[in-house]
Structure formats: structure tokens, C-alpha cells
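Heads up, the thing below is written out as C-alpha cells.
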Amino acid sequence: MRLLFEGVGHAFDGLEVLEGIDLAVAAGETLAILGPSGCGKSTLLAIAGGLLRPARGRVRLAGTPPEGCLNPLTYVFQDFALLPWRTVAGNVALALEAALDRRQRRERVAEVLRLTGLSDFAGAYPRQLSGGMRQRVGIARALAVRPAVLLMDEPLSALDAQTRELLLEEFLALWRRARTTTLYVTHNLDEALRIADRICVLSRRPGRIRGILEVPLPVAERTAPGHAAVIGELRAELWRMIADEVRAADRELAGAAAAHE
Amino acid sequence: MSEPVREVPFRGGGFAPRRIRRLAPPFFLLLLLLWEGAVRAGTVSALLLPPPSAILEALYELAASGDLWRHLEASLQRLVLGWALGTAAGLLLGLAIGISSLGRTLGIPLVAALFPIPKIAMLPLFILWFGIGEPSKVATIALGSFFPTVINAYAGIDAVPRSLVRMGQSFGLSHRAVILKILLPGALPGILAGARISSSIALVLLLAAEMIGAQYGIGALVLQAGNLMRTDRLMAGVVVLSLLGLAVSALIGLAERRLLAWR
Ligand SMILES: Nc1ncnc2c1ncn2[C@@H]1O[C@H](COP(=O)(O)OP(=O)(O)OP(=O)(O)O)[C@@H](O)[C@H]1O
Ligand SMILES: [Mg+2]
């Protein structure tokens, strides 16, 4: 399905956070959102998923949901948001309990646990798992509802660099199969360049669209040595777009802190 | 000239007490023997502090005559009924404070105003309302169990990370499902901690209520024994009370192990 932002803006108690966001995420596209800290990325994602009512504009969802879809707009959270008193299988089943009977539920849970390599951990509790395993559960839970759009807010940023690399590979393999429309918020330029079809750069707060960059290489070929130069150039361009914003945001933060003293 | 070399001195260790196995039972036995010996040697009067053997004998007599079971049954009935009523009502108000603005706005000042009242002070009023019989005692115990339950229930709900609630809503869970599957299980550790507090308060109130006016009940047993200077019986009642307290605490411990195994 397509996700359409139309003139979306937001303010928290007078603090302008987002302004004039017009953006269309195409069906099957992975769009990364990049921007300095505090520019409203999480706010935008919360608005996209219907968790926050925008002060201005609206978000629309176009197209027909995939077969068996139980929750069109589905999140993967930075802090995993697993229920500690439920096992891996229980966490994945949570969102299926209202719609599916016990047998259908068991089948779906088994299927997504297999896809995410968690079959052997179905009975484990979250505290027994590493961060990487926990986020696999978060992904399995999201896939289990057959989402139309995945909303991911820095899903890898709580993980160490090696685990991040590993999970990124796994995401990409899963994406290639399902082609789910994905909105992927990240701080990490390289992550964005690895997974996104397009990268939307936001300005510092209030977040406006600074520019949208297309990554003209198929996802599978981006790590090929022959394309290193292309990727390097894209990275430099991204950094040019974002560096000033990050620098300015940093200075504004420091200024605000000093004024607070 | 050789440079000085010395071993790094050890300075860790300590401050980590652990249980030494099989030391506690002989220690307790020794205390009991000392007690018994002190009374038999005449150092302590047997009337003021009956020795363990006399307490045991009194306990046996009470059990054999059936008196013990009558008293125990009356106490248990009051305790279970009062505690269950107070806890159920407390959970309802705690939930209301935990999830609704109206509940929070009205409930918190109510609890803050009424919680500090010593509940036993209400017994005379309850006797006027309900008569001297069972309802006034049960009401006192229920009232005492109510407040700690309310406070722990809403504190438990407040302690559930809001990110989990958002997660539930983002997956389209109904309000009911968010309450039943996220808030209540998340609040369970707090609710069980509240049950520990409320049950010990209930036990104290049970005793007090029974001492004010009851024919049967452990509190009545202790009071009657005291009036008759039967300190051995009195102490037997105290032993039963202590066992009752231990049993209640063991039950809650069992519930914690069963329900909070995920921790
Ligand atoms: N519920 C809220 N109430 C008030 N202010 C908020 C609220 N949520 C976010 N903000 C503020 O809005 C701004 C944008 O927040 P948001 O979390 O969307 O930024 P972000 O781009 O996701 O930042 P980060 O990169 O650090 O995750 C920040 O200045 C933040 O302090
Ligand atoms: Mg954020």
C-alpha cells in the first residue's frame, strides 16, 4: 500500500516540531528518514501510525492491504517493546489473539519464528535473550500481522555494531521476499544507504523536507566492490545535505542548555 | 639496585552475607532449651512466661478438645472474607485510578485522606451500623486491606512502561485487551507486594476486632486465656497466630513464584 503525507505539521505545547511534510511512500518502497536529533522523526512516525493526531495536515493510506493483513500500519520499536511476562511465541501471538483461532495462530507464529530464525527460542522469555534476538522477536511480531506498511523507528540503534550488521542482512532478505512498504527512521547514513530505495533528509527542528535522494542501485548490489565509488559519492552528498543541519542543531541544543543554566 | 616487587594486597570480599546451611534449626532449638531451662531452674516465673513444654501441652489440649478448631475456623472465615472483599474493591479502585482521569482525579485525594485513619478506630462505628456480630469485624478487616491494595495496584499500573501500552495500541489491541494483557500483568508484581502488606494488616485487625467482642476466634481465645491467667493457653494462641502469619506469607510467596516466574 502507499502512504501519503499531506501538509503534515505538528507542535508540542507551542514547540514547532514538524512543518509542511508532503511525502508519498510508494507501494513496496523502502523510504529512509534521516535527520538530526530532535527534528521530529519519531513524531512523524507516530503520526503515520495513528498514535499521534497531527496538528496540521493528514496521512492517508491508499491501495488494498495484503491477504490476511491484521494490522496495516505496524511498528518495529527501537526498545523492542516486548512483554517480559510472555514468551517469544506469546509476544508474537499478542496481536493475533483477537482475530485468529488457536490453530491459525499457532501456524502463523511458527511460520514467522521460522522466517526470523527463532524457532528454537519459542519458549524463551525476553530477559533470556540478547538484544539482537529481542529485535528479531520484534520483527517476527510485526511480520505475523502481515502488515501493509512497516514503520521502523531506529530498530537497530540499541544493538552493537556487529549485531546490527547481521540483522540488517536478515531484514534485507525478508524484504526482498515480502516487498512491504517500509518507512525506516535512522541516524545512520550507511544503514540508510544499504536498505532504502529513497532517502528523505529532514532539516533540524522544526523538521521540514530538506531533500530526497534516490539510491539508483538494486539493494543486492550495494555492497559489491564495483559500486563502492557510487555509494561513496551518494554518502558524501547525503552528508553535505545533513551536516549543516546537524551542526546547527547541535549548537542550538547547547545554546538552549546554556540559557537554561 | 633491584626495583621493589610485592604482591598486590587483597582487599575485596565481605559485605555479601549468605545463608549457612543447617545452622538455623539447631540455633532455634538452643534458644528453646535455654528458655525451658531458665523456667525450670526458677530464674523466670512459669506463670509470667510459660516454658515451651507447657505451651505445647496447652496447644495439644486445645486441639484435642476441639476448641482450637472452633476458634481457628471463626478467625479464618473473618480473615478470608474481609481480606477478599477489601482486596477486590481495592483492585477496582486501583484500576480506576490507574487508567481513568476521573478515577485519578477523585480517587487519589480520597485515598490520601482516608488511608492514615487507624482502621480499628472505625470498629465502634461499624458495630453501631452492623451490630456486634460478624459484619462489623469483616468490614474492619476489609477496610484495612482496601487501602494498601488500591495504592499498590495503581502504583503497579503506573510502573508499566508507557511504551508497552503504545505497542499494544499500535497493534490495534482493544482497550479491554490493553488492560487485561498489558496493564494488569505488568502491575502484578505491585499487586502481589500489596497483598503482602494488606494480609498482614488484615491479621492485626482480625486480632483487634476479636478482642473487642467475639466468642470464638484466636483473638477471643487469647483474651479469655489472659483474663483467666492461663498464660500457657495465651501463648498457645500466640503460636497459632504466628503459624497463621507464616502460612499466609507462604501462600503469597507461592503465588509470586507461580505468577512471576518470568522475572
Ligand atoms: N510528547 C511530547 N511532548 C513534548 N515534546 C515532545 C514530545 N515528544 C517529542 N517532543 C519534542 O519534539 C521534538 C521532536 O521529537 P522526536 O522524538 O520526534 O525527534 P526525533 O527526530 O525522533 O529525535 P531522535 O533522533 O533523538 O530520536 C523534540 O524536541 C522533543 O523533545
Ligand atoms: Mg526518535
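By convention here, the chains of the C-alpha cells are called A, B, ... in the order presented, each chain's residues are numbered starting at 1, and ligands are numbered starting at 1 in the order presented.
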
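Residue-level contact on chain A: within 6 Å of chain B, counting only C-alpha atoms, the set is Ala81, Trp85 and Ala95 of chain A.
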
Dump the neighbourhood of ligand 2 as a PyMOL selection string: all residues within 8 Å, distances computed on only C-alpha atoms and all ligand atoms.
-> chain A and resi 37-38+40-43+153-154+185

Let me see the file: selected residues, all heavy atoms, as a PDB file, in the first residue's frame.
```
ATOM      1  N   SER A  37      19.092  14.856  15.516  1.00  0.00           N
ATOM      2  CA  SER A  37      18.354  14.529  16.738  1.00  0.00           C
ATOM      3  C   SER A  37      17.302  15.585  17.038  1.00  0.00           C
ATOM      4  O   SER A  37      17.570  16.768  16.935  1.00  0.00           O
ATOM      5  CB  SER A  37      19.332  14.464  17.914  1.00  0.00           C
ATOM      6  OG  SER A  37      19.465  13.147  18.329  1.00  0.00           O
ATOM      7  N   GLY A  38      16.108  15.133  17.389  1.00  0.00           N
ATOM      8  CA  GLY A  38      15.076  16.049  17.822  1.00  0.00           C
ATOM      9  C   GLY A  38      14.371  16.788  16.693  1.00  0.00           C
ATOM     10  O   GLY A  38      13.636  17.743  16.939  1.00  0.00           O
ATOM     11  N   GLY A  40      12.070  15.613  14.794  1.00  0.00           N
ATOM     12  CA  GLY A  40      10.681  15.201  14.621  1.00  0.00           C
ATOM     13  C   GLY A  40      10.489  13.892  13.881  1.00  0.00           C
ATOM     14  O   GLY A  40       9.375  13.582  13.454  1.00  0.00           O
ATOM     15  N   LYS A  41      11.524  13.091  13.747  1.00  0.00           N
ATOM     16  CA  LYS A  41      11.407  11.821  13.024  1.00  0.00           C
ATOM     17  C   LYS A  41      10.433  10.874  13.721  1.00  0.00           C
ATOM     18  O   LYS A  41       9.544  10.308  13.080  1.00  0.00           O
ATOM     19  CB  LYS A  41      12.788  11.140  12.909  1.00  0.00           C
ATOM     20  CG  LYS A  41      13.840  12.002  12.222  1.00  0.00           C
ATOM     21  CD  LYS A  41      15.150  11.265  12.046  1.00  0.00           C
ATOM     22  CE  LYS A  41      15.851  10.938  13.350  1.00  0.00           C
ATOM     23  NZ  LYS A  41      16.293  12.129  14.113  1.00  0.00           N
ATOM     24  N   SER A  42      10.622  10.719  15.033  1.00  0.00           N
ATOM     25  CA  SER A  42       9.730   9.811  15.763  1.00  0.00           C
ATOM     26  C   SER A  42       8.304  10.348  15.760  1.00  0.00           C
ATOM     27  O   SER A  42       7.343   9.579  15.695  1.00  0.00           O
ATOM     28  CB  SER A  42      10.216   9.634  17.199  1.00  0.00           C
ATOM     29  OG  SER A  42      11.493   9.058  17.215  1.00  0.00           O
ATOM     30  N   THR A  43       8.197  11.676  15.842  1.00  0.00           N
ATOM     31  CA  THR A  43       6.878  12.296  15.800  1.00  0.00           C
ATOM     32  C   THR A  43       6.191  11.980  14.473  1.00  0.00           C
ATOM     33  O   THR A  43       5.014  11.611  14.438  1.00  0.00           O
ATOM     34  CB  THR A  43       7.013  13.820  15.985  1.00  0.00           C
ATOM     35  OG1 THR A  43       7.747  14.063  17.185  1.00  0.00           O
ATOM     36  CG2 THR A  43       5.668  14.488  16.059  1.00  0.00           C
ATOM     37  N   ASP A 153      11.325   2.645  13.787  1.00  0.00           N
ATOM     38  CA  ASP A 153      11.987   3.802  14.386  1.00  0.00           C
ATOM     39  C   ASP A 153      13.330   3.368  14.957  1.00  0.00           C
ATOM     40  O   ASP A 153      13.386   2.809  16.056  1.00  0.00           O
ATOM     41  CB  ASP A 153      11.107   4.396  15.488  1.00  0.00           C
ATOM     42  CG  ASP A 153      11.594   5.777  15.915  1.00  0.00           C
ATOM     43  OD1 ASP A 153      12.678   6.197  15.448  1.00  0.00           O
ATOM     44  OD2 ASP A 153      10.900   6.419  16.706  1.00  0.00           O
ATOM     45  N   GLU A 154      14.384   3.592  14.220  1.00  0.00           N
ATOM     46  CA  GLU A 154      15.734   3.210  14.642  1.00  0.00           C
ATOM     47  C   GLU A 154      15.764   1.802  15.222  1.00  0.00           C
ATOM     48  O   GLU A 154      16.205   1.602  16.357  1.00  0.00           O
ATOM     49  CB  GLU A 154      16.267   4.209  15.678  1.00  0.00           C
ATOM     50  CG  GLU A 154      16.158   5.641  15.196  1.00  0.00           C
ATOM     51  CD  GLU A 154      16.995   6.576  16.053  1.00  0.00           C
ATOM     52  OE1 GLU A 154      18.109   6.164  16.426  1.00  0.00           O
ATOM     53  OE2 GLU A 154      16.546   7.689  16.327  1.00  0.00           O
ATOM     54  N   VAL A 185      13.219   4.984   9.986  1.00  0.00           N
ATOM     55  CA  VAL A 185      13.897   6.136  10.583  1.00  0.00           C
ATOM     56  C   VAL A 185      15.264   5.704  11.096  1.00  0.00           C
ATOM     57  O   VAL A 185      15.382   4.670  11.756  1.00  0.00           O
ATOM     58  CB  VAL A 185      13.065   6.699  11.761  1.00  0.00           C
ATOM     59  CG1 VAL A 185      13.902   7.674  12.583  1.00  0.00           C
ATOM     60  CG2 VAL A 185      11.816   7.376  11.240  1.00  0.00           C
TER      61      VAL A 185
END
```

Name each residue within 10 Å of ligand 1, counting only C-alpha atoms and all ligand atoms, as an MDAnalysis selection string.
-> chainID A and resid 10:18 33:47 52 78 153:154 185:187 202:207 253

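The spacing separating CA of Gly14 (chain B) from CA of Phe28 (chain B) amounts to 25.6 Å.
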
Which residues come within 12 Å of Arg164 (chain A), counting only C-alpha atoms, excluding same-chain residues fewer than 3 positions away, as a PDB file with N, CA, C and O atoms, in the first residue's frame?
```
ATOM      1  N   GLY A 131      20.078  -8.674  22.823  1.00  0.00           N
ATOM      2  CA  GLY A 131      19.381  -7.583  22.155  1.00  0.00           C
ATOM      3  C   GLY A 131      18.992  -7.941  20.721  1.00  0.00           C
ATOM      4  O   GLY A 131      17.881  -7.653  20.281  1.00  0.00           O
ATOM      5  N   GLY A 132      19.911  -8.567  20.016  1.00  0.00           N
ATOM      6  CA  GLY A 132      19.631  -8.940  18.627  1.00  0.00           C
ATOM      7  C   GLY A 132      18.456  -9.898  18.527  1.00  0.00           C
ATOM      8  O   GLY A 132      17.575  -9.753  17.678  1.00  0.00           O
ATOM      9  N   MET A 133      18.440 -10.869  19.445  1.00  0.00           N
ATOM     10  CA  MET A 133      17.335 -11.837  19.458  1.00  0.00           C
ATOM     11  C   MET A 133      16.023 -11.135  19.797  1.00  0.00           C
ATOM     12  O   MET A 133      14.982 -11.437  19.228  1.00  0.00           O
ATOM     13  N   GLN A 135      15.187  -8.083  19.135  1.00  0.00           N
ATOM     14  CA  GLN A 135      14.657  -7.341  17.998  1.00  0.00           C
ATOM     15  C   GLN A 135      14.158  -8.291  16.911  1.00  0.00           C
ATOM     16  O   GLN A 135      13.229  -7.958  16.194  1.00  0.00           O
ATOM     17  N   ARG A 136      14.740  -9.490  16.820  1.00  0.00           N
ATOM     18  CA  ARG A 136      14.175 -10.479  15.893  1.00  0.00           C
ATOM     19  C   ARG A 136      12.732 -10.791  16.297  1.00  0.00           C
ATOM     20  O   ARG A 136      11.870 -10.963  15.444  1.00  0.00           O
ATOM     21  N   GLU A 154      14.384   3.592  14.220  1.00  0.00           N
ATOM     22  CA  GLU A 154      15.734   3.210  14.642  1.00  0.00           C
ATOM     23  C   GLU A 154      15.764   1.802  15.222  1.00  0.00           C
ATOM     24  O   GLU A 154      16.205   1.602  16.357  1.00  0.00           O
ATOM     25  N   PRO A 155      15.320   0.817  14.438  1.00  0.00           N
ATOM     26  CA  PRO A 155      15.169  -0.526  15.007  1.00  0.00           C
ATOM     27  C   PRO A 155      16.491  -1.162  15.418  1.00  0.00           C
ATOM     28  O   PRO A 155      16.499  -2.111  16.186  1.00  0.00           O
ATOM     29  N   LEU A 156      17.595  -0.643  14.900  1.00  0.00           N
ATOM     30  CA  LEU A 156      18.875  -1.295  15.186  1.00  0.00           C
ATOM     31  C   LEU A 156      19.751  -0.488  16.137  1.00  0.00           C
ATOM     32  O   LEU A 156      20.835  -0.925  16.509  1.00  0.00           O
ATOM     33  N   SER A 157      19.294   0.706  16.532  1.00  0.00           N
ATOM     34  CA  SER A 157      20.233   1.594  17.221  1.00  0.00           C
ATOM     35  C   SER A 157      20.532   1.160  18.653  1.00  0.00           C
ATOM     36  O   SER A 157      21.486   1.632  19.248  1.00  0.00           O
ATOM     37  N   ALA A 158      19.721   0.238  19.208  1.00  0.00           N
ATOM     38  CA  ALA A 158      20.043  -0.228  20.562  1.00  0.00           C
ATOM     39  C   ALA A 158      20.991  -1.425  20.534  1.00  0.00           C
ATOM     40  O   ALA A 158      21.287  -1.996  21.572  1.00  0.00           O
ATOM     41  N   LEU A 159      21.462  -1.797  19.334  1.00  0.00           N
ATOM     42  CA  LEU A 159      22.283  -3.006  19.211  1.00  0.00           C
ATOM     43  C   LEU A 159      23.740  -2.650  18.929  1.00  0.00           C
ATOM     44  O   LEU A 159      24.055  -1.572  18.432  1.00  0.00           O
ATOM     45  N   ASP A 160      24.622  -3.580  19.223  1.00  0.00           N
ATOM     46  CA  ASP A 160      26.034  -3.339  18.919  1.00  0.00           C
ATOM     47  C   ASP A 160      26.266  -3.462  17.408  1.00  0.00           C
ATOM     48  O   ASP A 160      25.445  -4.005  16.673  1.00  0.00           O
ATOM     49  N   ALA A 161      27.391  -2.961  16.944  1.00  0.00           N
ATOM     50  CA  ALA A 161      27.636  -2.802  15.507  1.00  0.00           C
ATOM     51  C   ALA A 161      27.555  -4.135  14.755  1.00  0.00           C
ATOM     52  O   ALA A 161      27.001  -4.203  13.657  1.00  0.00           O
ATOM     53  N   LEU A 167      21.584  -8.229  11.559  1.00  0.00           N
ATOM     54  CA  LEU A 167      20.140  -8.064  11.437  1.00  0.00           C
ATOM     55  C   LEU A 167      19.779  -7.332  10.146  1.00  0.00           C
ATOM     56  O   LEU A 167      18.760  -7.615   9.530  1.00  0.00           O
ATOM     57  N   LEU A 168      20.636  -6.408   9.744  1.00  0.00           N
ATOM     58  CA  LEU A 168      20.393  -5.678   8.509  1.00  0.00           C
ATOM     59  C   LEU A 168      20.317  -6.647   7.328  1.00  0.00           C
ATOM     60  O   LEU A 168      19.402  -6.576   6.503  1.00  0.00           O
ATOM     61  N   GLU A 169      21.271  -7.562   7.293  1.00  0.00           N
ATOM     62  CA  GLU A 169      21.264  -8.581   6.237  1.00  0.00           C
ATOM     63  C   GLU A 169      19.948  -9.359   6.264  1.00  0.00           C
ATOM     64  O   GLU A 169      19.340  -9.638   5.229  1.00  0.00           O
ATOM     65  N   GLU A 170      19.523  -9.721   7.470  1.00  0.00           N
ATOM     66  CA  GLU A 170      18.305 -10.534   7.589  1.00  0.00           C
ATOM     67  C   GLU A 170      17.072  -9.749   7.154  1.00  0.00           C
ATOM     68  O   GLU A 170      16.210 -10.278   6.449  1.00  0.00           O
ATOM     69  N   PHE A 171      17.002  -8.482   7.559  1.00  0.00           N
ATOM     70  CA  PHE A 171      15.896  -7.616   7.111  1.00  0.00           C
ATOM     71  C   PHE A 171      15.813  -7.645   5.607  1.00  0.00           C
ATOM     72  O   PHE A 171      14.761  -7.844   5.021  1.00  0.00           O
ATOM     73  N   ASN A 188      21.718   6.740  10.928  1.00  0.00           N
ATOM     74  CA  ASN A 188      22.923   6.149  10.374  1.00  0.00           C
ATOM     75  C   ASN A 188      22.912   6.228   8.855  1.00  0.00           C
ATOM     76  O   ASN A 188      22.105   5.587   8.185  1.00  0.00           O
ATOM     77  N   ASP A 190      24.965   5.076   6.599  1.00  0.00           N
ATOM     78  CA  ASP A 190      25.282   3.829   5.896  1.00  0.00           C
ATOM     79  C   ASP A 190      24.112   2.861   5.911  1.00  0.00           C
ATOM     80  O   ASP A 190      23.849   2.177   4.924  1.00  0.00           O
ATOM     81  N   GLU A 191      23.421   2.849   7.053  1.00  0.00           N
ATOM     82  CA  GLU A 191      22.235   1.998   7.147  1.00  0.00           C
ATOM     83  C   GLU A 191      21.218   2.433   6.089  1.00  0.00           C
ATOM     84  O   GLU A 191      20.656   1.603   5.372  1.00  0.00           O
TER      85      GLU A 191
END
```

So which residues of region 65-131 of chain B fall under alpha helix (DSSP H) by DSSP, listed as an NGL selection string?
-> :B and (65 or 67-99 or 101-114 or 123-130)

Write out as a count of residues only all residues of region 39-142 of chain A that backbone DSSP assigns to strand (DSSP E or B).
-> 11

Quick one: residues within 10 Å of Ala96 (chain B), only C-alpha atoms counted, chain neighbours fewer than 3 positions away excluded, as a PyMOL selection string?
-> chain B and resi 90-93+99-104+106-107+150+153-154

Would you mind reading off the distance between CA of Ala41 (chain B) and CA of Ala236 (chain B), one decimal, in Å?
->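 Separation of CA of Ala41 (chain B) and CA of Ala236 (chain B): 21.9 Å.
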
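Across the structure, CA of Lys119 (chain B) and CA of Ile197 (chain B) are spaced 14.4 Å apart.
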
9 Å contact set for Arg146 (chain A), only C-alpha atoms, chain neighbours under 6 positions out, as a PyMOL selection string | chain A and resi 65-72+74+180

Closest of B:Leu59, B:Ala209, B:Ala54, B:Leu72 to Pro135 (chain B) - atom-to-atom distances counting only C-alpha atoms |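 So, comparing all the options, the nearest one is B:Ala209.
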
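Among the candidate residues B:Leu207, B:Leu184, B:Leu95, B:Leu47, the one lying nearest to Val240 (chain B) is B:Leu207, with distances computed using only C-alpha atoms.
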
Nearby residues (only C-alpha atoms) at most 12 Å from Val238 (chain B), same-chain spacing under 5 positions excluded, as number ranges by chain = B: 55-56, 58-59, 207, 218-223, 225-226, 231-233, 243-245

Write out, as a PDB file, in the first residue's frame, the residues just selected, with N, CA, C and O atoms.
```pdb
ATOM      1  N   ILE B  55       3.466 -24.696  76.835  1.00  0.00           N
ATOM      2  CA  ILE B  55       2.726 -24.129  75.698  1.00  0.00           C
ATOM      3  C   ILE B  55       2.291 -25.254  74.764  1.00  0.00           C
ATOM      4  O   ILE B  55       1.150 -25.305  74.295  1.00  0.00           O
ATOM      5  N   LEU B  56       3.217 -26.188  74.539  1.00  0.00           N
ATOM      6  CA  LEU B  56       2.931 -27.317  73.668  1.00  0.00           C
ATOM      7  C   LEU B  56       1.786 -28.155  74.222  1.00  0.00           C
ATOM      8  O   LEU B  56       0.865 -28.562  73.506  1.00  0.00           O
ATOM      9  N   ALA B  58      -0.581 -27.100  76.308  1.00  0.00           N
ATOM     10  CA  ALA B  58      -1.828 -26.344  76.192  1.00  0.00           C
ATOM     11  C   ALA B  58      -2.362 -26.432  74.768  1.00  0.00           C
ATOM     12  O   ALA B  58      -3.568 -26.576  74.544  1.00  0.00           O
ATOM     13  N   LEU B  59      -1.455 -26.386  73.819  1.00  0.00           N
ATOM     14  CA  LEU B  59      -1.842 -26.468  72.410  1.00  0.00           C
ATOM     15  C   LEU B  59      -2.496 -27.815  72.147  1.00  0.00           C
ATOM     16  O   LEU B  59      -3.540 -27.910  71.485  1.00  0.00           O
ATOM     17  N   LEU B 207      -7.253  -9.712  64.890  1.00  0.00           N
ATOM     18  CA  LEU B 207      -6.992  -9.868  66.318  1.00  0.00           C
ATOM     19  C   LEU B 207      -7.683  -8.789  67.131  1.00  0.00           C
ATOM     20  O   LEU B 207      -8.375  -9.072  68.106  1.00  0.00           O
ATOM     21  N   ILE B 218      -9.240 -16.631  67.405  1.00  0.00           N
ATOM     22  CA  ILE B 218      -7.968 -16.724  68.123  1.00  0.00           C
ATOM     23  C   ILE B 218      -7.801 -15.521  69.054  1.00  0.00           C
ATOM     24  O   ILE B 218      -7.271 -15.642  70.155  1.00  0.00           O
ATOM     25  N   GLY B 219      -8.273 -14.375  68.593  1.00  0.00           N
ATOM     26  CA  GLY B 219      -8.182 -13.182  69.434  1.00  0.00           C
ATOM     27  C   GLY B 219      -8.979 -13.358  70.729  1.00  0.00           C
ATOM     28  O   GLY B 219      -8.526 -13.005  71.821  1.00  0.00           O
ATOM     29  N   ALA B 220     -10.172 -13.946  70.599  1.00  0.00           N
ATOM     30  CA  ALA B 220     -11.006 -14.198  71.773  1.00  0.00           C
ATOM     31  C   ALA B 220     -10.330 -15.205  72.684  1.00  0.00           C
ATOM     32  O   ALA B 220     -10.324 -15.054  73.915  1.00  0.00           O
ATOM     33  N   LEU B 221      -9.728 -16.226  72.084  1.00  0.00           N
ATOM     34  CA  LEU B 221      -9.019 -17.238  72.857  1.00  0.00           C
ATOM     35  C   LEU B 221      -7.912 -16.611  73.697  1.00  0.00           C
ATOM     36  O   LEU B 221      -7.791 -16.870  74.900  1.00  0.00           O
ATOM     37  N   VAL B 222      -7.119 -15.759  73.046  1.00  0.00           N
ATOM     38  CA  VAL B 222      -6.003 -15.116  73.742  1.00  0.00           C
ATOM     39  C   VAL B 222      -6.519 -14.235  74.880  1.00  0.00           C
ATOM     40  O   VAL B 222      -5.999 -14.258  76.006  1.00  0.00           O
ATOM     41  N   LEU B 223      -7.594 -13.474  74.582  1.00  0.00           N
ATOM     42  CA  LEU B 223      -8.131 -12.559  75.592  1.00  0.00           C
ATOM     43  C   LEU B 223      -8.692 -13.326  76.792  1.00  0.00           C
ATOM     44  O   LEU B 223      -8.395 -13.004  77.946  1.00  0.00           O
ATOM     45  N   ALA B 225      -7.986 -16.360  77.765  1.00  0.00           N
ATOM     46  CA  ALA B 225      -6.889 -17.013  78.492  1.00  0.00           C
ATOM     47  C   ALA B 225      -6.183 -16.005  79.404  1.00  0.00           C
ATOM     48  O   ALA B 225      -5.823 -16.324  80.537  1.00  0.00           O
ATOM     49  N   GLY B 226      -6.028 -14.801  78.896  1.00  0.00           N
ATOM     50  CA  GLY B 226      -5.373 -13.764  79.698  1.00  0.00           C
ATOM     51  C   GLY B 226      -6.204 -13.420  80.925  1.00  0.00           C
ATOM     52  O   GLY B 226      -5.674 -13.293  82.028  1.00  0.00           O
ATOM     53  N   THR B 231      -1.664 -18.333  81.105  1.00  0.00           N
ATOM     54  CA  THR B 231      -0.662 -17.832  80.150  1.00  0.00           C
ATOM     55  C   THR B 231      -0.198 -18.917  79.184  1.00  0.00           C
ATOM     56  O   THR B 231       0.245 -18.618  78.075  1.00  0.00           O
ATOM     57  N   ASP B 232      -0.298 -20.192  79.582  1.00  0.00           N
ATOM     58  CA  ASP B 232       0.101 -21.252  78.654  1.00  0.00           C
ATOM     59  C   ASP B 232      -0.847 -21.281  77.446  1.00  0.00           C
ATOM     60  O   ASP B 232      -0.433 -21.377  76.304  1.00  0.00           O
ATOM     61  N   ARG B 233      -2.144 -21.123  77.722  1.00  0.00           N
ATOM     62  CA  ARG B 233      -3.135 -21.061  76.648  1.00  0.00           C
ATOM     63  C   ARG B 233      -2.929 -19.795  75.794  1.00  0.00           C
ATOM     64  O   ARG B 233      -3.043 -19.819  74.575  1.00  0.00           O
ATOM     65  N   LEU B 243       1.895 -19.029  63.381  1.00  0.00           N
ATOM     66  CA  LEU B 243       1.826 -20.014  62.292  1.00  0.00           C
ATOM     67  C   LEU B 243       0.896 -19.526  61.182  1.00  0.00           C
ATOM     68  O   LEU B 243       1.178 -19.716  59.994  1.00  0.00           O
ATOM     69  N   LEU B 244      -0.205 -18.890  61.597  1.00  0.00           N
ATOM     70  CA  LEU B 244      -1.152 -18.370  60.607  1.00  0.00           C
ATOM     71  C   LEU B 244      -0.467 -17.321  59.722  1.00  0.00           C
ATOM     72  O   LEU B 244      -0.596 -17.335  58.492  1.00  0.00           O
ATOM     73  N   GLY B 245       0.278 -16.422  60.369  1.00  0.00           N
ATOM     74  CA  GLY B 245       1.001 -15.405  59.607  1.00  0.00           C
ATOM     75  C   GLY B 245       1.989 -16.024  58.646  1.00  0.00           C
ATOM     76  O   GLY B 245       2.088 -15.634  57.479  1.00  0.00           O
TER      77      GLY B 245
END
```

Hey, what's within 6 Å of region 87-93 of chain A if we count only C-alpha atoms and toss same-chain stuff fewer than 6 positions away? As a PDB file with N, CA and C atoms, in the first residue's frame, please?
```pdb
ATOM      1  N   ALA A 122      11.146 -20.339  20.928  1.00  0.00           N
ATOM      2  CA  ALA A 122       9.724 -20.034  21.081  1.00  0.00           C
ATOM      3  C   ALA A 122       9.322 -19.932  22.554  1.00  0.00           C
ATOM      4  N   GLY A 123       9.918 -20.756  23.401  1.00  0.00           N
ATOM      5  CA  GLY A 123       9.506 -20.796  24.805  1.00  0.00           C
ATOM      6  C   GLY A 123      10.341 -19.922  25.717  1.00  0.00           C
ATOM      7  N   ALA A 124      11.288 -19.164  25.151  1.00  0.00           N
ATOM      8  CA  ALA A 124      12.168 -18.349  25.993  1.00  0.00           C
ATOM      9  C   ALA A 124      11.484 -17.045  26.373  1.00  0.00           C
ATOM     10  N   TYR A 125      11.880 -16.491  27.520  1.00  0.00           N
ATOM     11  CA  TYR A 125      11.393 -15.179  27.926  1.00  0.00           C
ATOM     12  C   TYR A 125      12.366 -14.096  27.440  1.00  0.00           C
ATOM     13  N   ARG A 141       7.037 -10.395  15.351  1.00  0.00           N
ATOM     14  CA  ARG A 141       5.718  -9.934  15.776  1.00  0.00           C
ATOM     15  C   ARG A 141       5.100  -9.030  14.715  1.00  0.00           C
TER      16      ARG A 141
END
```
